[in-house]
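Below: structure.cif (mmCIF, C-alpha atoms and all ligand atoms)
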data_data
#
loop_
_atom_site.label_atom_id
_atom_site.label_comp_id
_atom_site.auth_asym_id
_atom_site.auth_seq_id
_atom_site.Cartn_x
_atom_site.Cartn_y
_atom_site.Cartn_z
CA MET H 170 -110.07 43.43 -40.46
CA THR H 171 -107.49 40.68 -40.14
CA GLU H 172 -107.42 40.29 -43.86
CA ASN H 173 -106.76 44.04 -44.28
CA ILE H 174 -103.73 43.96 -42.06
CA LEU H 175 -102.33 40.97 -43.93
CA ASP H 176 -103.05 42.76 -47.17
CA THR H 177 -101.31 45.88 -45.99
CA ASN H 178 -98.28 43.88 -44.89
CA THR H 179 -98.16 42.12 -48.18
CA GLN H 180 -98.44 45.45 -49.98
CA ILE H 181 -95.61 47.15 -48.15
CA TYR H 182 -93.29 44.12 -48.06
CA PRO H 183 -93.94 42.57 -51.45
CA ARG H 184 -91.44 39.70 -51.16
CA GLY H 185 -93.75 37.76 -48.89
CA GLN H 186 -92.33 39.11 -45.58
CA SER H 187 -94.68 40.30 -42.87
CA LYS H 188 -93.91 43.56 -41.06
CA ILE H 189 -92.85 41.59 -37.97
CA GLN H 190 -90.52 39.36 -39.99
CA ASN H 191 -88.97 42.39 -41.57
CA LEU H 192 -88.42 44.10 -38.24
CA LYS H 193 -86.83 40.91 -36.91
CA SER H 194 -84.42 40.70 -39.79
CA LYS H 195 -83.59 44.40 -39.36
CA ILE H 196 -82.80 43.83 -35.67
CA GLU H 197 -80.65 40.82 -36.55
CA MET H 198 -78.82 42.86 -39.18
CA THR H 199 -78.20 45.69 -36.69
CA ALA H 200 -76.94 43.22 -34.10
CA THR H 201 -74.51 41.76 -36.64
CA GLN H 202 -73.36 45.27 -37.61
CA VAL H 203 -72.81 46.17 -33.96
CA GLN H 204 -70.94 42.92 -33.38
CA ASN H 205 -68.75 43.59 -36.40
CA SER H 206 -68.05 47.16 -35.34
CA VAL H 207 -66.74 46.09 -31.86
CA PRO H 208 -63.03 45.34 -32.11
CA PRO H 209 -62.30 41.70 -31.23
CA LYS H 210 -61.31 41.19 -27.59
CA ARG H 211 -57.54 41.45 -27.39
CA LYS H 212 -55.86 38.29 -26.20
CA LEU H 213 -53.82 39.08 -23.13
CA SER H 214 -50.16 38.35 -23.45
CA LYS H 215 -48.55 36.29 -20.67
CA THR H 216 -45.56 38.59 -20.34
CA VAL H 217 -45.13 42.34 -20.38
CA LYS H 218 -43.02 43.56 -23.33
CA ASN H 219 -43.32 47.28 -22.57
CA PRO H 220 -39.71 48.55 -22.13
CA ARG H 221 -40.82 51.32 -19.73
CA LEU H 222 -42.49 48.85 -17.36
CA GLN H 223 -39.49 46.53 -17.63
CA ARG H 224 -37.21 49.45 -16.72
CA ILE H 225 -39.39 50.41 -13.72
CA GLN H 226 -39.26 46.82 -12.44
CA LYS H 227 -35.48 46.76 -12.78
CA ILE H 228 -35.05 50.12 -11.01
CA HIS H 229 -37.31 48.91 -8.19
CA ALA H 230 -35.30 45.70 -7.76
CA ILE H 231 -31.93 47.50 -7.87
CA ALA H 232 -33.12 50.15 -5.38
CA VAL H 233 -34.46 47.61 -2.86
CA ASN H 234 -31.41 45.32 -3.23
CA THR H 235 -28.94 48.22 -2.86
CA LEU H 236 -30.63 49.99 0.04
CA SER H 237 -31.28 46.82 2.03
CA TYR H 238 -27.69 45.60 1.59
CA LEU H 239 -26.41 49.06 2.47
CA GLY H 240 -28.48 48.84 5.67
CA LEU H 241 -27.02 45.40 6.44
CA THR H 242 -23.48 46.66 5.83
CA VAL H 243 -23.94 49.64 8.17
CA ALA H 244 -25.60 47.43 10.83
CA VAL H 245 -22.83 44.81 10.75
CA GLY H 246 -20.16 47.54 10.56
CA LEU H 247 -21.49 49.20 13.71
CA LEU H 248 -21.49 45.85 15.52
CA LEU H 249 -17.89 45.16 14.49
CA PHE H 250 -16.73 48.63 15.51
CA GLY H 251 -18.02 48.24 19.05
CA TYR H 252 -21.60 49.48 18.93
CA PRO H 253 -23.60 46.48 20.12
CA ILE H 254 -27.38 46.33 19.98
CA GLY H 255 -29.55 45.50 22.97
CA ALA H 256 -32.65 43.44 23.65
CA ILE H 257 -34.97 46.17 22.33
CA GLU H 258 -33.30 46.34 18.90
CA MET H 259 -33.05 42.54 18.72
CA SER H 260 -36.75 42.21 19.55
CA ILE H 261 -37.79 44.84 16.98
CA PHE H 262 -35.73 43.04 14.33
CA ALA H 263 -37.08 39.57 15.25
CA ILE H 264 -40.75 40.61 15.42
CA ALA H 265 -40.59 42.70 12.24
CA THR H 266 -38.79 39.96 10.31
CA PHE H 267 -41.23 37.30 11.48
CA LEU H 268 -44.29 39.39 10.54
CA THR H 269 -42.92 40.31 7.10
CA THR H 270 -41.91 36.71 6.34
CA MET H 271 -45.37 35.58 7.47
CA GLY H 272 -46.91 38.15 5.10
CA ILE H 273 -44.90 36.61 2.23
CA VAL H 274 -45.21 32.90 3.10
CA VAL H 275 -48.75 32.69 4.53
CA GLY H 276 -50.16 35.66 2.62
CA PHE H 277 -48.53 36.26 -0.77
CA HIS H 278 -47.55 32.62 -1.32
CA ARG H 279 -50.02 30.16 0.22
CA HIS H 280 -53.13 32.36 0.26
CA PHE H 281 -52.98 34.79 -2.66
CA THR H 282 -50.91 32.76 -5.15
CA HIS H 283 -52.22 29.27 -4.48
CA CYS H 284 -55.60 29.94 -2.81
CA SER H 285 -54.77 27.13 -0.40
CA PHE H 286 -57.22 28.44 2.21
CA LYS H 287 -59.96 31.04 2.47
CA ALA H 288 -59.81 33.86 4.99
CA VAL H 289 -61.93 36.71 6.37
CA THR H 290 -61.25 40.06 4.71
CA PRO H 291 -59.32 41.63 7.66
CA VAL H 292 -56.89 38.67 7.64
CA ARG H 293 -56.48 38.97 3.86
CA VAL H 294 -55.80 42.71 4.16
CA ILE H 295 -53.30 42.30 7.03
CA LEU H 296 -51.42 39.55 5.15
CA ALA H 297 -51.37 41.64 1.97
CA ILE H 298 -50.00 44.66 3.85
CA LEU H 299 -47.36 42.66 5.74
CA GLY H 300 -46.22 40.98 2.50
CA SER H 301 -46.00 44.37 0.75
CA MET H 302 -43.67 45.61 3.49
CA ALA H 303 -41.07 43.08 2.28
CA GLY H 304 -40.39 45.32 -0.73
CA GLN H 305 -40.59 42.39 -3.17
CA GLY H 306 -43.27 44.03 -5.32
CA ASN H 307 -46.98 44.50 -4.75
CA VAL H 308 -49.39 41.58 -4.34
CA ALA H 309 -50.27 41.36 -8.04
CA PHE H 310 -46.62 41.44 -9.17
CA TRP H 311 -45.48 38.83 -6.62
CA VAL H 312 -48.40 36.49 -7.30
CA ALA H 313 -48.06 36.83 -11.09
CA LEU H 314 -44.34 36.05 -10.87
CA HIS H 315 -44.89 33.02 -8.67
CA ARG H 316 -47.76 31.60 -10.73
CA PHE H 317 -45.50 32.06 -13.76
CA HIS H 318 -42.75 30.14 -11.89
CA HIS H 319 -45.06 27.18 -11.23
CA GLU H 320 -46.33 27.21 -14.82
CA CYS H 321 -42.86 26.76 -16.29
CA SER H 322 -40.81 25.55 -13.32
CA ASP H 323 -37.17 24.78 -14.18
CA THR H 324 -37.57 25.54 -17.87
CA PRO H 325 -35.79 28.44 -19.62
CA ASP H 326 -38.95 30.57 -19.15
CA ASP H 327 -38.93 30.12 -15.35
CA PRO H 328 -38.09 33.57 -13.90
CA HIS H 329 -35.72 32.18 -11.27
CA SER H 330 -34.65 28.64 -12.09
CA PRO H 331 -31.04 27.49 -11.50
CA TYR H 332 -31.46 25.55 -14.76
CA PHE H 333 -32.45 28.60 -16.81
CA LYS H 334 -29.76 27.88 -19.40
CA GLY H 335 -29.76 24.14 -19.11
CA GLU H 336 -28.12 21.70 -16.78
CA LYS H 337 -24.43 22.54 -17.28
CA GLN H 338 -24.72 26.21 -16.26
CA LEU H 339 -25.25 25.09 -12.69
CA GLY H 340 -21.70 23.69 -12.64
CA LYS H 341 -20.33 27.15 -13.32
CA TRP H 342 -22.28 28.65 -10.43
CA GLU H 343 -24.14 30.78 -12.93
CA GLY H 344 -27.38 28.93 -12.25
CA LEU H 345 -26.98 29.34 -8.50
CA TRP H 346 -26.30 33.07 -8.80
CA HIS H 347 -29.17 33.61 -11.24
CA SER H 348 -31.69 31.70 -9.12
CA TYR H 349 -30.52 33.37 -5.90
CA MET H 350 -30.35 37.06 -6.73
CA GLY H 351 -29.41 37.61 -10.37
CA TRP H 352 -32.94 36.92 -11.59
CA THR H 353 -34.34 39.97 -9.77
CA VAL H 354 -32.94 42.18 -12.55
CA ASP H 355 -33.05 39.66 -15.38
CA HIS H 356 -36.30 37.79 -15.94
CA LYS H 357 -39.36 37.81 -18.14
CA LEU H 358 -42.00 40.07 -16.65
CA PRO H 359 -45.29 38.21 -16.19
CA ASN H 360 -48.44 40.16 -17.01
CA PRO H 361 -50.52 40.71 -13.83
CA LEU H 362 -53.64 41.22 -16.00
CA TYR H 363 -53.18 37.68 -17.31
CA TYR H 364 -52.07 35.96 -14.11
CA THR H 365 -53.87 37.81 -11.33
CA SER H 366 -57.33 38.82 -12.56
CA ASP H 367 -58.78 37.31 -9.34
CA ILE H 368 -56.70 39.71 -7.24
CA LEU H 369 -57.27 42.78 -9.40
CA ARG H 370 -61.04 42.14 -9.43
CA ASP H 371 -61.14 42.07 -5.62
CA LYS H 372 -61.70 45.76 -4.82
CA THR H 373 -60.23 45.62 -1.30
CA ILE H 374 -57.07 43.75 -2.27
CA ALA H 375 -56.69 45.84 -5.43
CA LYS H 376 -56.72 48.93 -3.19
CA VAL H 377 -54.02 47.42 -0.93
CA ASN H 378 -52.11 46.56 -4.10
CA SER H 379 -52.24 50.15 -5.37
CA LEU H 380 -50.90 51.54 -2.06
CA TYR H 381 -47.73 49.42 -2.19
CA PHE H 382 -45.25 52.25 -1.51
CA LEU H 383 -47.31 53.45 1.46
CA TRP H 384 -46.98 50.01 3.10
CA ILE H 385 -43.22 50.05 2.53
CA ALA H 386 -43.03 53.51 4.16
CA ILE H 387 -45.13 52.34 7.13
CA GLY H 388 -42.94 49.23 7.39
CA LEU H 389 -39.93 51.53 7.84
CA LEU H 390 -41.68 54.06 10.05
CA VAL H 391 -43.16 51.69 12.66
CA PRO H 392 -39.84 50.11 13.81
CA THR H 393 -38.25 53.58 13.76
CA LEU H 394 -40.95 54.91 16.10
CA ALA H 395 -40.82 51.76 18.23
CA GLY H 396 -37.03 52.08 18.63
CA GLY H 397 -37.27 55.79 19.44
CA ILE H 398 -40.13 55.46 21.93
CA LEU H 399 -38.82 52.34 23.70
CA THR H 400 -35.32 53.78 24.20
CA ASN H 401 -36.44 57.39 24.38
CA SER H 402 -33.58 58.36 22.07
CA TRP H 403 -32.81 59.37 18.49
CA LEU H 404 -30.17 56.66 18.35
CA GLY H 405 -32.85 54.11 19.28
CA ALA H 406 -35.02 55.42 16.44
CA PHE H 407 -32.07 55.05 14.05
CA TYR H 408 -31.42 51.47 15.21
CA GLY H 409 -35.14 50.70 14.88
CA PHE H 410 -35.05 51.96 11.27
CA LEU H 411 -31.82 50.07 10.55
CA TRP H 412 -32.68 46.68 12.09
CA GLY H 413 -36.49 46.67 11.90
CA GLY H 414 -36.49 48.35 8.48
CA LEU H 415 -33.53 47.79 6.15
CA VAL H 416 -31.96 44.68 7.73
CA ARG H 417 -35.43 43.08 8.00
CA ILE H 418 -36.05 43.65 4.27
CA CYS H 419 -32.59 42.27 3.43
CA VAL H 420 -33.08 39.13 5.54
CA THR H 421 -36.61 38.45 4.21
CA GLN H 422 -35.34 38.84 0.65
CA ASN H 423 -32.53 36.37 1.29
CA LEU H 424 -34.99 33.87 2.75
CA VAL H 425 -37.13 34.02 -0.38
CA TRP H 426 -34.05 33.81 -2.61
CA SER H 427 -32.89 30.71 -0.72
CA ILE H 428 -36.15 29.05 -1.72
CA THR H 429 -35.84 30.07 -5.37
CA SER H 430 -32.30 28.69 -5.53
CA ILE H 431 -31.33 26.18 -2.82
CA ALA H 432 -34.79 24.56 -2.78
CA HIS H 433 -34.34 23.76 -6.47
CA ILE H 434 -30.75 22.47 -6.07
CA ILE H 435 -29.95 20.97 -2.64
CA GLY H 436 -32.08 18.43 -0.78
CA ASN H 437 -34.15 15.41 -1.67
CA SER H 438 -37.13 15.05 -3.98
CA PRO H 439 -39.33 12.23 -2.67
CA LEU H 440 -42.34 13.28 -4.76
CA GLU H 441 -43.03 13.51 -8.47
CA SER H 442 -43.45 17.22 -9.12
CA GLY H 443 -42.45 17.57 -12.77
CA ASP H 444 -39.47 19.80 -11.94
CA ARG H 445 -36.23 19.91 -9.86
CA SER H 446 -37.72 21.20 -6.59
CA THR H 447 -36.27 19.79 -3.36
CA ASN H 448 -37.15 19.48 0.33
CA ASN H 449 -34.51 21.26 2.39
CA ILE H 450 -34.50 20.76 6.15
CA TRP H 451 -31.79 23.35 6.95
CA ILE H 452 -33.82 26.39 6.00
CA ALA H 453 -37.23 25.06 7.10
CA ILE H 454 -37.46 27.13 10.29
CA PRO H 455 -36.41 30.57 8.96
CA THR H 456 -38.55 30.13 5.82
CA LEU H 457 -41.52 29.16 8.02
CA GLY H 458 -41.80 25.81 6.22
CA ASP H 459 -41.64 26.93 2.60
CA SER H 460 -38.42 24.98 2.08
CA TRP H 461 -40.48 21.75 1.93
CA HIS H 462 -40.47 22.85 -1.64
CA ASN H 463 -40.73 19.45 -3.34
CA ASN H 464 -43.84 18.77 -1.25
CA HIS H 465 -45.12 22.17 -2.34
CA HIS H 466 -44.43 21.71 -6.05
CA ALA H 467 -46.08 18.26 -5.95
CA PHE H 468 -49.18 19.77 -4.27
CA PRO H 469 -49.06 23.55 -4.96
CA ASN H 470 -52.51 24.19 -3.47
CA ALA H 471 -51.71 22.58 -0.12
CA ALA H 472 -51.93 25.00 2.82
CA ILE H 473 -49.89 22.63 5.00
CA VAL H 474 -46.64 21.29 3.51
CA GLY H 475 -45.07 19.56 6.52
CA TRP H 476 -46.69 16.13 6.62
CA LYS H 477 -44.22 14.26 8.82
CA TRP H 478 -43.59 15.12 12.49
CA TRP H 479 -40.09 16.36 11.71
CA GLN H 480 -41.16 18.52 8.74
CA ILE H 481 -41.46 21.78 10.66
CA ASP H 482 -43.99 24.00 8.93
CA ILE H 483 -44.51 27.15 11.00
CA ALA H 484 -46.69 28.77 8.31
CA GLY H 485 -48.90 25.65 8.39
CA TRP H 486 -49.20 25.98 12.18
CA ILE H 487 -50.19 29.65 11.79
CA ILE H 488 -52.88 28.68 9.25
CA ARG H 489 -54.19 25.93 11.57
CA GLY H 490 -54.23 28.44 14.46
CA LEU H 491 -56.22 30.95 12.41
CA GLU H 492 -58.56 28.12 11.41
CA LYS H 493 -59.20 27.29 15.09
CA LEU H 494 -60.07 30.95 15.66
CA GLY H 495 -62.59 30.75 12.80
CA LEU H 496 -60.68 33.33 10.73
CA VAL H 497 -59.72 30.93 7.90
CA TRP H 498 -61.43 27.90 6.44
CA ASP H 499 -61.28 25.46 3.50
CA VAL H 500 -57.69 24.63 4.45
CA LYS H 501 -56.48 22.34 1.66
CA VAL H 502 -54.31 19.37 2.62
CA PRO H 503 -53.59 16.32 0.42
CA THR H 504 -54.73 12.96 1.78
CA PRO H 505 -52.13 10.24 2.54
CA GLN H 506 -53.42 8.38 -0.54
CA MET H 507 -52.80 11.42 -2.75
CA ILE H 508 -49.27 11.75 -1.35
CA GLU H 509 -48.69 8.03 -1.88
CA THR H 510 -49.63 8.24 -5.57
CA LYS H 511 -46.95 10.88 -6.13
CA THR H 512 -44.26 9.25 -4.03
CA ILE H 513 -41.33 8.05 -6.14
CA ALA H 514 -40.50 4.42 -5.46
CA LYS H 515 -36.96 3.89 -4.16
ZN ZN H 601 -40.17 26.57 -6.83
ZN ZN H 602 -45.70 28.18 -4.86
#

Represent the structure contained in this file as structure tokens.
Amino acid sequence: MTENILDTNTQIYPRGQSKIQNLKSKIEMTATQVQNSVPPKRKLSKTVKNPRLQRIQKIHAIAVNTLSYLGLTVAVGLLLFGYPIGAIEMSIFAIATFLTTMGIVVGFHRHFTHCSFKAVTPVRVILAILGSMAGQGNVAFWVALHRFHHECSDTPDDPHSPYFKGEKQLGKWEGLWHSYMGWTVDHKLPNPLYYTSDILRDKTIAKVNSLYFLWIAIGLLVPTLAGGILTNSWLGAFYGFLWGGLVRICVTQNLVWSITSIAHIIGNSPLESGDRSTNNIWIAIPTLGDSWHNNHHAFPNAAIVGWKWWQIDIAGWIIRGLEKLGLVWDVKVPTPQMIETKTIAK
């Protein structure tokens, strides 16, 4: 019986192959054919070259810049022409600005961009929503842009370096202007698919990311309602919208721009960071500690960047507070030895 089967195999496949061997080679051939028929995986480009997407980004930046500055102009104009604001409007502005800046500094920057600590999903979602309300782009855009900044800090590719055209441009104020505000409408557009696959793969955060304009609308609506309800007047609602909405966006933007510019120009650089980042004490409090920018560039994944008693790092305190509540963990901080190895000898 066994002999018959072997005979049969030999008969059908005369070149010495058994039926099983032949099937195997057929499967291998098919696999190769399938492999060859699948187009090779496209390499993702680091920047977006699509003119339509570039135009949309520019329109977004111009719209946010114009509307927020218009809001600031009206607000200051009303103050100058004898329409002072009261404690309610001041409080709405202060709370809204603090929460939005926290969304950017603790959320967009230290958590989503640099993964400097882990957090429970509700905290991640709240931080992502608060950061979105700043009107500086959705989570994926902001994170992609900032990771791109760290990758090529203070080189011509850096989206917002004062040294984007080389050292001498700074002397003509061009570098300062570009790194402060000019860059928002004139920079290479990083590809979120390349830089933020971790964020886009996270279904919850990707959902928050896709609802960006809804968060901006809510960010304008809540202070408007608060102003209206607390003062029981339409004028109060208008002031809530103006101070808690437009002025808040304008101030938060300027805080971020002061980091992109001043914290790469003015201040000292005690640590080796491979770029021109500086520590700047004067804007440490309003930026919630992000102006310890040389510390940050030397250790980008550090959740806490104020390591000396006088280096006020409000964002770091918030992260420590959330850690004590058990809402965040794996808070990354460099050891004194690590800091020592990067300290530039005087
Ligand atoms: Zn920087
Ligand atoms: Zn950073």

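Using only C-alpha atoms and all ligand atoms as the basis for the distance check, residues found within 7 Å of ligand ZN 602 (chain H) are His278, Arg279, Thr282, His283, His315, His319, His465, His466 and Pro469 of chain H.
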
request  = Residues within 12 Å of ligand ZN 601 (chain H) should be enumerated using only C-alpha atoms and all ligand atoms and returned as a VMD selection string.
outcome  = chain H and resid 278 314 to 324 327 to 332 348 to 349 425 to 434 442 to 448 459 to 469

message = Which residues are close to Leu496 in chain H, i.e. within 6 Å by only C-alpha atoms, leaving aside same-chain residues fewer than 4 positions away? Reply as a ChimeraX atom specification.
response = /H:288-289,491-492

Six-sided padding of 8 Å per side, axis-aligned box over range 254-270 of chain H, centre and edges in Å, one decimal, as JSON:
{"center_x": -35.8, "center_y": 41.5, "center_z": 15.0, "size_x": 32.9, "size_y": 25.6, "size_z": 33.3}

task = Please provide as JSON, numbers by chain all residues within 12 Å of Leu268 in chain H, with the sequence filter that same-chain residues fewer than 4 positions apart are discarded (counting all atoms listed in the file).
result = {"H": [261, 262, 263, 264, 272, 273, 274, 275, 276, 295, 296, 297, 298, 299, 300, 301, 302, 303, 388, 413, 417, 418, 421, 455, 456, 457, 484, 487]}

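Using all atoms listed in the file for every distance, the candidate list H:Ala256, H:Ile231, H:Cys419, H:Val474 yields H:Val474 as the residue closest to Lys501 in chain H.
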
Where does range 383-452 of chain H meet range 354-378 of chain H within 12 Å, residue by residue, with the nearest atom pair and distance in Å to one decimal for each, counting only C-alpha atoms, listed by chain and rising number, as JSON lines?
{"residue": "H:Leu383", "atom": "CA", "partner": "H:Val377", "partner_atom": "CA", "distance": 9.3}
{"residue": "H:Trp384", "atom": "CA", "partner": "H:Val377", "partner_atom": "CA", "distance": 8.5}
{"residue": "H:Ile385", "atom": "CA", "partner": "H:Asn378", "partner_atom": "CA", "distance": 11.6}

ask   = Can you tell me, as a PyMOL selection string, which residues sit within 12 Å of (-40.2, 53.9, 13.8) in the file's frame, using all atoms listed in the file?
value = chain H and resi 258+261-262+265+386-415

Put those residues in a file: C-alpha atoms, as a JSON list (two decimals), in the frame of the given file.
[["chain", "number", "residue", "atom", "x", "y", "z"],
["H", 258, "GLU", "CA", -33.30, 46.34, 18.90],
["H", 261, "ILE", "CA", -37.79, 44.84, 16.98],
["H", 262, "PHE", "CA", -35.73, 43.04, 14.33],
["H", 265, "ALA", "CA", -40.59, 42.70, 12.24],
["H", 386, "ALA", "CA", -43.03, 53.51, 4.16],
["H", 387, "ILE", "CA", -45.13, 52.34, 7.13],
["H", 388, "GLY", "CA", -42.94, 49.23, 7.39],
["H", 389, "LEU", "CA", -39.93, 51.53, 7.84],
["H", 390, "LEU", "CA", -41.68, 54.06, 10.05],
["H", 391, "VAL", "CA", -43.16, 51.69, 12.66],
["H", 392, "PRO", "CA", -39.84, 50.11, 13.81],
["H", 393, "THR", "CA", -38.25, 53.58, 13.76],
["H", 394, "LEU", "CA", -40.95, 54.91, 16.10],
["H", 395, "ALA", "CA", -40.82, 51.76, 18.23],
["H", 396, "GLY", "CA", -37.03, 52.08, 18.63],
["H", 397, "GLY", "CA", -37.27, 55.79, 19.44],
["H", 398, "ILE", "CA", -40.13, 55.46, 21.93],
["H", 399, "LEU", "CA", -38.82, 52.34, 23.70],
["H", 400, "THR", "CA", -35.32, 53.78, 24.20],
["H", 401, "ASN", "CA", -36.44, 57.39, 24.38],
["H", 402, "SER", "CA", -33.58, 58.36, 22.07],
["H", 403, "TRP", "CA", -32.81, 59.37, 18.49],
["H", 404, "LEU", "CA", -30.17, 56.66, 18.35],
["H", 405, "GLY", "CA", -32.85, 54.11, 19.28],
["H", 406, "ALA", "CA", -35.02, 55.42, 16.44],
["H", 407, "PHE", "CA", -32.07, 55.05, 14.05],
["H", 408, "TYR", "CA", -31.42, 51.47, 15.21],
["H", 409, "GLY", "CA", -35.14, 50.70, 14.88],
["H", 410, "PHE", "CA", -35.05, 51.96, 11.27],
["H", 411, "LEU", "CA", -31.82, 50.07, 10.55],
["H", 412, "TRP", "CA", -32.68, 46.68, 12.09],
["H", 413, "GLY", "CA", -36.49, 46.67, 11.90],
["H", 414, "GLY", "CA", -36.49, 48.35, 8.48],
["H", 415, "LEU", "CA", -33.53, 47.79, 6.15]]

request  = Return the single residue from H:Trp346, H:Phe267, H:Trp311, H:Trp479 that is closest to Trp451 in chain H, with distances computed using all atoms listed in the file.
outcome  = H:Trp479

Residue among H:Val502, H:Gly344, H:Ile254, H:Asp326 lying closest to Lys215 in chain H, counting only C-alpha atoms = H:Asp326

remark   = Of H:Gln506, H:Ile513, H:Arg489, H:Ala230, the one nearest to Phe286 in chain H when counting only C-alpha atoms is H:Arg489

note = The distance between CA of Val500 in chain H and CA of Ile450 in chain H is 23.6 Å

Atomic separation - CA of Lys287 in chain H relative to CA of Gln305 in chain H, Å = 23.1 Å

ask   = Interatomic distance between CA of Asn423 in chain H and CA of Met350 in chain H?
value =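 About the pair CA of Asn423 in chain H and CA of Met350 in chain H: they are 8.3 Å apart.
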
ask   = Between H:Val416, H:Ser285, H:Gln422, H:Gly335, which one has atoms that come closest to Val243 in chain H, using all atoms listed in the file?
value =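 Of H:Val416, H:Ser285, H:Gln422, H:Gly335, the one nearest Val243 in chain H is H:Val416, counting all atoms listed in the file.
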